[in-house]
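Novice: Next up is a structure, given as structure tokens.
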Amino acid sequence: MTGEPRTAHGAAGLPGPRTQGEIDEQTTLGAAYVRSLMRSQLRAAAAAFAFLALPVAVLPLFFGALRNAAVEWLVLGFGCYPFLVLIGWWYVRRAERNERDFADLVRGRDAADGAAQ
């Protein structure tokens, strides 16, 4: 939550002063909130890495079985980029959702309150 939000939420989108103080003062409760955000961001990063590592590991096997240089260059030149953009898009969306959920948790709203608004 160090970057600027993509949309302006106004004053209602900011965590309350009491809970924000818990985080700023690094109390036990504040540390638990921050650890939950860090764990969810780490899970998203690990999933994005896994979705990237699997094709990168399998691609040389595919090229070895194919033995066609033209197709290899087409896959490397054009086929990889939509996949990379899709992984990046998913990761950014997931990270923003994690931060939004964290802000809701800090404000004390549960999932039902967030869905109703």
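Chain labels follow the order of the structure tokens: the first chain is A, the next B, and so on; residue numbering restarts at 1 in every chain, and ligands are counted from 1 in their shown order.
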Neighbours of segment 83-90 of chain A within 12 Å (only C-alpha atoms; same-chain residues fewer than 5 positions away dropped), as a VMD selection string?
Specialist: chain A and resid 44 to 53 55 to 56 75 to 78 95 to 97
Novice: Take the residues from that selection and put them in a file with all heavy atoms, as a CSV table (one decimal), in the first residue's frame.
Specialist:
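out_14.csv, freshly written:
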```
chain,number,residue,atom,x,y,z
A,44,ALA,N,0.1,-14.3,-4.1
A,44,ALA,CA,-0.2,-13.8,-5.4
A,44,ALA,C,1.1,-13.9,-6.2
A,44,ALA,O,1.1,-14.3,-7.4
A,44,ALA,CB,-0.8,-12.4,-5.4
A,45,ALA,N,2.2,-13.4,-5.7
A,45,ALA,CA,3.5,-13.4,-6.4
A,45,ALA,C,4.0,-14.8,-6.7
A,45,ALA,O,4.5,-15.1,-7.8
A,45,ALA,CB,4.6,-12.7,-5.6
A,46,ALA,N,3.8,-15.7,-5.7
A,46,ALA,CA,4.2,-17.1,-5.9
A,46,ALA,C,3.3,-17.8,-7.0
A,46,ALA,O,3.9,-18.6,-7.9
A,46,ALA,CB,4.1,-17.9,-4.6
A,47,ALA,N,2.1,-17.5,-7.1
A,47,ALA,CA,1.2,-18.0,-8.1
A,47,ALA,C,1.6,-17.5,-9.5
A,47,ALA,O,1.7,-18.2,-10.5
A,47,ALA,CB,-0.3,-17.7,-7.8
A,48,ALA,N,1.9,-16.2,-9.6
A,48,ALA,CA,2.3,-15.6,-10.8
A,48,ALA,C,3.6,-16.2,-11.3
A,48,ALA,O,3.8,-16.5,-12.5
A,48,ALA,CB,2.5,-14.1,-10.7
A,49,PHE,N,4.6,-16.4,-10.3
A,49,PHE,CA,5.8,-17.0,-10.7
A,49,PHE,C,5.6,-18.5,-11.2
A,49,PHE,O,6.3,-18.9,-12.1
A,49,PHE,CB,6.8,-17.0,-9.5
A,49,PHE,CG,8.1,-17.7,-9.7
A,49,PHE,CD1,9.0,-17.1,-10.5
A,49,PHE,CD2,8.3,-19.0,-9.2
A,49,PHE,CE1,10.3,-17.7,-10.8
A,49,PHE,CE2,9.5,-19.6,-9.5
A,49,PHE,CZ,10.5,-19.0,-10.3
A,50,ALA,N,4.7,-19.2,-10.5
A,50,ALA,CA,4.5,-20.6,-11.0
A,50,ALA,C,3.9,-20.6,-12.4
A,50,ALA,O,4.2,-21.5,-13.2
A,50,ALA,CB,3.5,-21.3,-10.0
A,51,PHE,N,2.9,-19.7,-12.6
A,51,PHE,CA,2.3,-19.7,-14.0
A,51,PHE,C,3.4,-19.3,-15.0
A,51,PHE,O,3.2,-19.6,-16.2
A,51,PHE,CB,1.2,-18.7,-14.0
A,51,PHE,CG,-0.1,-19.2,-13.4
A,51,PHE,CD1,-0.7,-18.5,-12.4
A,51,PHE,CD2,-0.6,-20.4,-13.7
A,51,PHE,CE1,-1.9,-18.9,-11.8
A,51,PHE,CE2,-1.8,-20.9,-13.1
A,51,PHE,CZ,-2.4,-20.2,-12.1
A,52,LEU,N,4.4,-18.6,-14.6
A,52,LEU,CA,5.4,-18.2,-15.6
A,52,LEU,C,6.5,-19.3,-15.7
A,52,LEU,O,7.0,-19.6,-16.8
A,52,LEU,CB,6.1,-16.9,-15.1
A,52,LEU,CG,7.3,-16.4,-16.0
A,52,LEU,CD1,6.8,-16.1,-17.4
A,52,LEU,CD2,7.9,-15.2,-15.4
A,53,ALA,N,6.9,-19.9,-14.6
A,53,ALA,CA,7.9,-20.9,-14.6
A,53,ALA,C,7.6,-22.2,-15.3
A,53,ALA,O,8.4,-22.8,-15.9
A,53,ALA,CB,8.3,-21.2,-13.1
A,55,PRO,N,5.6,-22.8,-18.1
A,55,PRO,CA,5.8,-22.8,-19.5
A,55,PRO,C,7.3,-22.6,-19.9
A,55,PRO,O,7.7,-23.1,-20.9
A,55,PRO,CB,5.0,-21.6,-20.0
A,55,PRO,CG,4.0,-21.4,-18.9
A,55,PRO,CD,4.6,-21.8,-17.7
A,56,VAL,N,8.0,-21.8,-19.1
A,56,VAL,CA,9.4,-21.6,-19.4
A,56,VAL,C,10.2,-22.9,-19.3
A,56,VAL,O,11.1,-23.2,-20.0
A,56,VAL,CB,10.0,-20.5,-18.5
A,56,VAL,CG1,11.5,-20.4,-18.5
A,56,VAL,CG2,9.4,-19.1,-18.8
A,75,VAL,N,6.9,-18.4,-32.0
A,75,VAL,CA,6.4,-18.6,-30.6
A,75,VAL,C,7.2,-17.6,-29.7
A,75,VAL,O,6.6,-16.9,-28.8
A,75,VAL,CB,6.6,-20.0,-30.1
A,75,VAL,CG1,6.4,-20.1,-28.6
A,75,VAL,CG2,5.6,-20.9,-30.9
A,76,LEU,N,8.5,-17.5,-29.9
A,76,LEU,CA,9.3,-16.7,-29.0
A,76,LEU,C,9.1,-15.2,-29.3
A,76,LEU,O,9.1,-14.3,-28.4
A,76,LEU,CB,10.8,-16.9,-29.2
A,76,LEU,CG,11.3,-18.3,-28.6
A,76,LEU,CD1,12.8,-18.5,-29.0
A,76,LEU,CD2,11.1,-18.3,-27.1
A,77,GLY,N,8.8,-14.8,-30.6
A,77,GLY,CA,8.6,-13.4,-31.0
A,77,GLY,C,7.3,-12.9,-30.7
A,77,GLY,O,7.1,-11.7,-30.4
A,78,PHE,N,6.2,-13.8,-30.9
A,78,PHE,CA,4.9,-13.3,-30.7
A,78,PHE,C,4.0,-14.0,-29.7
A,78,PHE,O,3.1,-13.4,-29.1
A,78,PHE,CB,4.2,-13.3,-32.1
A,78,PHE,CG,4.8,-12.5,-33.1
A,78,PHE,CD1,5.6,-13.1,-34.2
A,78,PHE,CD2,4.7,-11.1,-33.1
A,78,PHE,CE1,6.2,-12.3,-35.1
A,78,PHE,CE2,5.3,-10.3,-34.1
A,78,PHE,CZ,6.0,-10.9,-35.1
A,95,ALA,N,-3.1,-8.0,-6.7
A,95,ALA,CA,-2.4,-7.2,-5.7
A,95,ALA,C,-3.3,-6.0,-5.3
A,95,ALA,O,-3.4,-5.7,-4.1
A,95,ALA,CB,-1.1,-6.6,-6.2
A,96,GLU,N,-4.0,-5.4,-6.2
A,96,GLU,CA,-4.9,-4.3,-5.9
A,96,GLU,C,-6.1,-4.8,-5.1
A,96,GLU,O,-6.5,-4.1,-4.1
A,96,GLU,CB,-5.4,-3.6,-7.2
A,96,GLU,CG,-4.3,-2.8,-7.8
A,96,GLU,CD,-4.8,-2.2,-9.1
A,96,GLU,OE1,-5.9,-2.6,-9.7
A,96,GLU,OE2,-4.1,-1.3,-9.6
A,97,ARG,N,-6.6,-6.0,-5.4
A,97,ARG,CA,-7.7,-6.6,-4.6
A,97,ARG,C,-7.2,-6.9,-3.2
A,97,ARG,O,-7.9,-6.6,-2.2
A,97,ARG,CB,-8.2,-7.8,-5.3
A,97,ARG,CG,-9.5,-8.3,-4.6
A,97,ARG,CD,-10.1,-9.4,-5.4
A,97,ARG,NE,-9.6,-10.7,-4.8
A,97,ARG,CZ,-9.8,-11.9,-5.2
A,97,ARG,NH1,-10.5,-12.0,-6.3
A,97,ARG,NH2,-9.4,-12.9,-4.6
```
Novice: Using atom CA of Asn68 of chain A and atom CA of Cys80 of chain A as the two end points, give the distance in Å to one decimal.
Specialist: 16.8 Å
